[in-house]
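Raw contents of input.cif, mmCIF, C-alpha atoms:
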```cif
data_work
#
loop_
_atom_site.label_atom_id
_atom_site.label_comp_id
_atom_site.auth_asym_id
_atom_site.auth_seq_id
_atom_site.Cartn_x
_atom_site.Cartn_y
_atom_site.Cartn_z
CA MET A 1 72.36 -185.21 -35.93
CA VAL A 2 70.43 -184.24 -39.07
CA GLN A 3 72.13 -185.06 -42.37
CA LEU A 4 71.04 -184.20 -45.88
CA ALA A 5 69.77 -187.25 -47.78
CA VAL A 6 72.30 -186.66 -50.57
CA PHE A 7 75.13 -187.41 -48.10
CA LEU A 8 73.69 -190.53 -46.44
CA ASN A 9 75.47 -193.07 -48.66
CA VAL A 10 78.63 -191.06 -49.22
CA THR A 11 81.83 -191.46 -47.20
CA LYS A 12 82.55 -188.06 -45.71
CA THR A 13 86.18 -187.25 -44.92
CA GLY A 14 87.33 -184.38 -42.71
CA ILE A 15 90.69 -182.95 -43.77
CA ILE A 16 92.55 -181.24 -40.92
CA PRO A 17 95.90 -179.48 -41.36
CA CYS A 18 98.07 -179.87 -38.25
CA ARG A 19 100.46 -177.28 -36.87
CA GLU A 20 103.19 -177.67 -34.29
CA PRO A 21 101.79 -175.72 -31.29
CA LEU A 22 104.73 -173.38 -30.58
CA ASP A 23 105.35 -172.58 -34.23
CA HIS A 24 101.63 -171.98 -34.72
CA LEU A 25 101.41 -169.60 -31.74
CA LEU A 26 104.50 -167.70 -32.93
CA SER A 27 102.85 -167.36 -36.33
CA GLN A 28 99.70 -166.04 -34.65
CA CYS A 29 101.75 -163.54 -32.61
CA ASN A 30 103.35 -162.38 -35.84
CA HIS A 31 99.95 -162.09 -37.54
CA LYS A 32 98.68 -159.89 -34.70
CA GLY A 33 101.92 -157.86 -34.59
CA VAL A 34 102.73 -159.02 -31.04
CA ASN A 35 106.42 -158.97 -30.15
CA LEU A 36 106.86 -162.04 -27.94
CA THR A 37 110.32 -160.89 -26.82
CA LYS A 38 108.87 -157.66 -25.39
CA LEU A 39 105.85 -159.46 -23.96
CA SER A 40 108.13 -162.01 -22.27
CA SER A 41 110.41 -159.30 -20.87
CA ASN A 42 107.36 -157.92 -19.00
CA ASN A 43 107.12 -161.24 -17.09
CA SER A 44 103.91 -162.21 -18.89
CA THR A 45 102.55 -165.62 -17.98
CA CYS A 46 101.96 -168.31 -20.58
CA ALA A 47 98.21 -167.70 -20.28
CA GLU A 48 98.72 -163.97 -21.01
CA ILE A 49 100.89 -164.75 -24.03
CA VAL A 50 98.32 -167.17 -25.46
CA SER A 51 95.53 -164.68 -24.80
CA ARG A 52 97.39 -161.90 -26.64
CA CYS A 53 98.38 -164.03 -29.63
CA SER A 54 95.67 -166.63 -30.27
CA VAL A 55 93.69 -166.18 -33.47
CA ALA A 56 90.27 -167.77 -34.11
CA TRP A 57 90.62 -170.78 -31.83
CA ASN A 58 86.87 -171.22 -32.04
CA ARG A 59 87.20 -172.50 -35.62
CA TYR A 60 87.94 -176.04 -34.40
CA ASP A 61 86.01 -178.16 -31.91
CA ASP A 62 86.12 -181.94 -31.50
CA SER A 63 82.35 -182.09 -32.12
CA LEU A 64 83.08 -181.26 -35.79
CA LEU A 65 84.41 -184.81 -36.14
CA ASP A 66 80.89 -186.23 -35.65
CA VAL A 67 79.98 -185.20 -39.22
CA PHE A 68 82.69 -187.31 -40.86
CA ASP A 69 83.25 -191.02 -41.44
CA ARG A 70 87.02 -190.65 -41.85
CA VAL A 71 89.56 -188.07 -40.72
CA ILE A 72 92.75 -187.06 -42.53
CA LEU A 73 95.43 -185.26 -40.53
CA PHE A 74 98.40 -183.77 -42.35
CA LYS A 75 101.25 -181.38 -41.65
CA TYR A 76 99.92 -178.04 -42.83
CA ASP A 77 102.77 -177.35 -45.24
CA ASP A 78 103.22 -180.87 -46.65
CA PHE A 79 100.56 -181.46 -49.29
CA ASP A 80 102.13 -184.32 -51.28
CA ALA A 81 100.40 -187.26 -49.56
CA LEU A 82 97.12 -185.37 -49.30
CA LEU A 83 97.14 -184.44 -52.98
CA ALA A 84 98.01 -188.02 -53.96
CA ARG A 85 95.01 -189.26 -51.93
CA LEU A 86 92.70 -186.64 -53.42
CA ASP A 87 93.95 -187.46 -56.94
CA ARG A 88 92.78 -191.07 -56.36
CA THR A 89 89.33 -190.17 -55.01
CA VAL A 90 88.14 -186.78 -56.26
CA PRO A 91 87.19 -186.32 -59.93
CA ARG A 92 89.44 -184.01 -61.93
CA ARG A 93 88.14 -180.59 -62.88
CA VAL A 94 87.03 -180.13 -66.45
CA ILE A 95 89.06 -176.91 -66.56
CA ALA A 96 92.50 -177.18 -65.00
CA LEU A 97 93.39 -174.49 -62.49
CA GLU A 98 96.54 -172.47 -62.97
CA ASP A 99 99.31 -173.58 -60.66
CA LYS A 100 99.96 -170.63 -58.36
CA ASN A 101 102.67 -170.17 -55.79
CA TYR A 102 101.96 -170.72 -52.10
CA PHE A 103 99.66 -167.95 -50.86
CA ARG A 104 100.92 -166.46 -47.63
CA THR A 105 98.53 -164.76 -45.23
CA ASN A 106 101.24 -163.58 -42.84
CA ARG A 107 104.30 -161.37 -43.10
CA PRO A 108 107.78 -162.94 -42.71
CA ARG A 109 108.62 -163.68 -39.08
CA ASN A 110 111.48 -161.98 -37.24
CA THR A 111 113.17 -164.39 -34.83
CA GLN A 112 114.28 -161.43 -32.66
CA ASN A 113 110.59 -160.99 -31.81
CA GLU A 114 110.26 -164.64 -30.77
CA GLU A 115 112.50 -164.99 -27.72
CA PHE A 116 111.07 -166.54 -24.57
CA GLY A 117 111.54 -165.07 -21.10
CA MET A 118 111.86 -166.70 -17.71
CA SER A 119 108.19 -166.36 -16.73
CA CYS A 120 107.02 -168.65 -19.55
CA SER A 121 109.51 -171.22 -20.79
CA ILE A 122 109.14 -173.04 -24.10
CA SER A 123 108.22 -176.32 -22.37
CA THR A 124 105.68 -174.63 -20.08
CA LEU A 125 104.10 -172.79 -23.01
CA ARG A 126 103.86 -176.00 -25.04
CA GLU A 127 102.19 -177.79 -22.12
CA HIS A 128 99.77 -174.87 -21.73
CA LEU A 129 98.90 -174.94 -25.45
CA MET A 130 98.30 -178.69 -25.37
CA ARG A 131 95.94 -178.32 -22.40
CA LYS A 132 94.18 -175.29 -23.83
CA TRP A 133 93.17 -176.44 -27.31
CA SER A 134 91.98 -179.94 -28.25
CA TYR A 135 93.14 -179.33 -31.86
CA TYR A 136 96.78 -179.56 -30.72
CA ARG A 137 96.08 -182.72 -28.70
CA LEU A 138 94.31 -184.34 -31.67
CA CYS A 139 97.23 -183.69 -33.99
CA ASP A 140 99.82 -184.70 -31.39
CA ASN A 141 98.02 -187.94 -30.47
CA PHE A 142 97.47 -189.18 -34.01
CA LEU A 143 99.87 -187.48 -36.40
CA GLY A 144 102.94 -187.18 -34.20
CA GLU A 145 106.02 -186.92 -36.41
CA ALA A 146 104.28 -188.30 -39.51
CA SER A 147 103.23 -185.96 -42.30
CA TYR A 148 99.94 -187.70 -43.18
CA ILE A 149 97.51 -190.16 -41.61
CA GLU A 150 93.98 -191.26 -42.46
CA LEU A 151 91.80 -192.77 -39.74
CA PRO A 152 88.23 -193.94 -39.22
CA ARG A 153 86.31 -191.35 -37.19
CA GLU A 154 85.49 -193.92 -34.50
CA ARG A 155 89.18 -194.38 -33.68
CA VAL A 156 89.68 -190.63 -33.35
CA VAL A 157 86.53 -189.98 -31.32
CA HIS A 158 87.28 -192.93 -29.01
CA MET A 159 90.60 -191.33 -28.04
CA ILE A 160 89.20 -187.85 -27.34
CA ASP A 161 88.48 -187.08 -23.70
CA PRO A 162 85.14 -185.22 -23.68
CA HIS A 163 85.85 -183.86 -20.20
CA ASN A 164 89.21 -182.30 -21.14
CA LYS A 165 88.16 -179.08 -22.88
CA GLY A 166 91.16 -177.05 -21.70
CA ASP A 167 91.08 -174.30 -19.11
#
```

I need this file expressed as structure tokens, please.
Amino acid sequence: MVQLAVFLNVTKTGIIPCREPLDHLLSQCNHKGVNLTKLSSNNSTCAEIVSRCSVAWNRYDDSLLDVFDRVILFKYDDFDALLARLDRTVPRRVIALEDKNYFRTNRPRNTQNEEFGMSCSISTLREHLMRKWSYYRLCDNFLGEASYIELPRERVVHMIDPHNKGD
């Protein structure tokens, strides 16, 4: 792998926000305007539901980890530990940024549009999501119920199965 000389003696840290798979898929369904309740009532399979709702799953691949020396995983909506770590390691800006409220990219979710049918149960869908996208497996394997963890890249890469790319 080719690296720029300026980065050769610098510790590079990948920062990855982790989402709970079912909540993340429901958010993606909402973003695309897909009513899961209606989709489920048509006896859609888990694969069909994921296909209709998934958004930009190509933005993460385990090979991205090769660039970094360390990896930080954190719950996507819990920034406290991450900000504390960054405050210790990243220089402060000369000009402070205005503190803005959380920027939402999705409309509020309606739980009536998020009911599962018999053809794809919650547990079956979660298993399907875990098999399908290595991002979910990475977060599940290392972050679990914690809200923040920092690991050497070697530990993360060692645990990734290069043959399990999903189906």

Could you state the separation of atom CA of Thr124 of chain A and atom CA of Ile49 of chain A in Å, given to one decimal place? 11.7 Å

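The shortest atom-to-atom distance to Arg85 of chain A, with only C-alpha atoms taken into account, belongs to A:Ile149 out of A:Cys46, A:Leu39, A:Leu22, A:Ile149.
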
With all atoms listed in the file as the counted atoms, please give the residues lying no more than 10 Å from Asp140 of chain A, apart from itself and same-chain residues fewer than 6 positions off, as a list in words. Cys18, Arg19, Glu20, Pro21, Met130, Ser134 and Ala146 of chain A

One-decimal distance in Å that lies between atom CA of Thr13 of chain A and atom CA of Ile160 of chain A: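 Atom CA of Thr13 of chain A lies 17.8 Å from atom CA of Ile160 of chain A.
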
What residues come out when you apply the PyMOL selection byres ((chain A and resi 112) around 12) to this file, written as an MDAnalysis selection string? chainID A and resid 26 30 34:38 109:111 113:116

Got a sec to resolve the PyMOL selection byres ((chain A and resi 63) around 12) on this structure and send the residues as an mmCIF file with C-alpha atoms, in the frame of the given file?
```cif
data_model
loop_
_atom_site.group_PDB
_atom_site.id
_atom_site.type_symbol
_atom_site.label_atom_id
_atom_site.label_comp_id
_atom_site.auth_asym_id
_atom_site.auth_seq_id
_atom_site.Cartn_x
_atom_site.Cartn_y
_atom_site.Cartn_z
ATOM 1 C CA MET A 1 72.360 -185.210 -35.930
ATOM 2 C CA GLY A 14 87.330 -184.380 -42.710
ATOM 3 C CA ASN A 58 86.870 -171.220 -32.040
ATOM 4 C CA ARG A 59 87.200 -172.500 -35.620
ATOM 5 C CA TYR A 60 87.940 -176.040 -34.400
ATOM 6 C CA ASP A 61 86.010 -178.160 -31.910
ATOM 7 C CA ASP A 62 86.120 -181.940 -31.500
ATOM 8 C CA LEU A 64 83.080 -181.260 -35.790
ATOM 9 C CA LEU A 65 84.410 -184.810 -36.140
ATOM 10 C CA ASP A 66 80.890 -186.230 -35.650
ATOM 11 C CA VAL A 67 79.980 -185.200 -39.220
ATOM 12 C CA PHE A 68 82.690 -187.310 -40.860
ATOM 13 C CA SER A 134 91.980 -179.940 -28.250
ATOM 14 C CA TYR A 135 93.140 -179.330 -31.860
ATOM 15 C CA ARG A 153 86.310 -191.350 -37.190
ATOM 16 C CA VAL A 156 89.680 -190.630 -33.350
ATOM 17 C CA VAL A 157 86.530 -189.980 -31.320
ATOM 18 C CA ILE A 160 89.200 -187.850 -27.340
ATOM 19 C CA ASP A 161 88.480 -187.080 -23.700
ATOM 20 C CA PRO A 162 85.140 -185.220 -23.680
ATOM 21 C CA LYS A 165 88.160 -179.080 -22.880
#
```

Report, in Å with one decimal, the straight-line distance from atom CA of Arg131 of chain A to atom CA of Ala47 of chain A.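 One can read the atom CA of Arg131 of chain A to atom CA of Ala47 of chain A distance as 11.1 Å.
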
Using only C-alpha atoms, find the one residue out of A:Gly144, A:Asn106, A:Cys120, A:Arg126 that sits nearest to Ser40 of chain A.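 Of the candidates, the smallest distance to Ser40 of chain A is held by A:Cys120.
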
Looking at all atoms listed in the file, which of A:Leu151, A:Cys29, A:Val71, A:Cys139 is the one that sits closest to Ser54 of chain A?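 Closest to Ser54 of chain A of all the choices is A:Cys29.
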
Top pick for closest residue to Ile122 of chain A, considering A:Cys53, A:Phe79, A:Leu25, A:Val10 and counting only C-alpha atoms: A:Leu25

Given the choices A:Ala56, A:Leu129, A:Phe142, A:Ser44, which gets closest to Ile16 of chain A if the distance is worked out from all atoms listed in the file?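 So, comparing all the options, the nearest one is A:Phe142.
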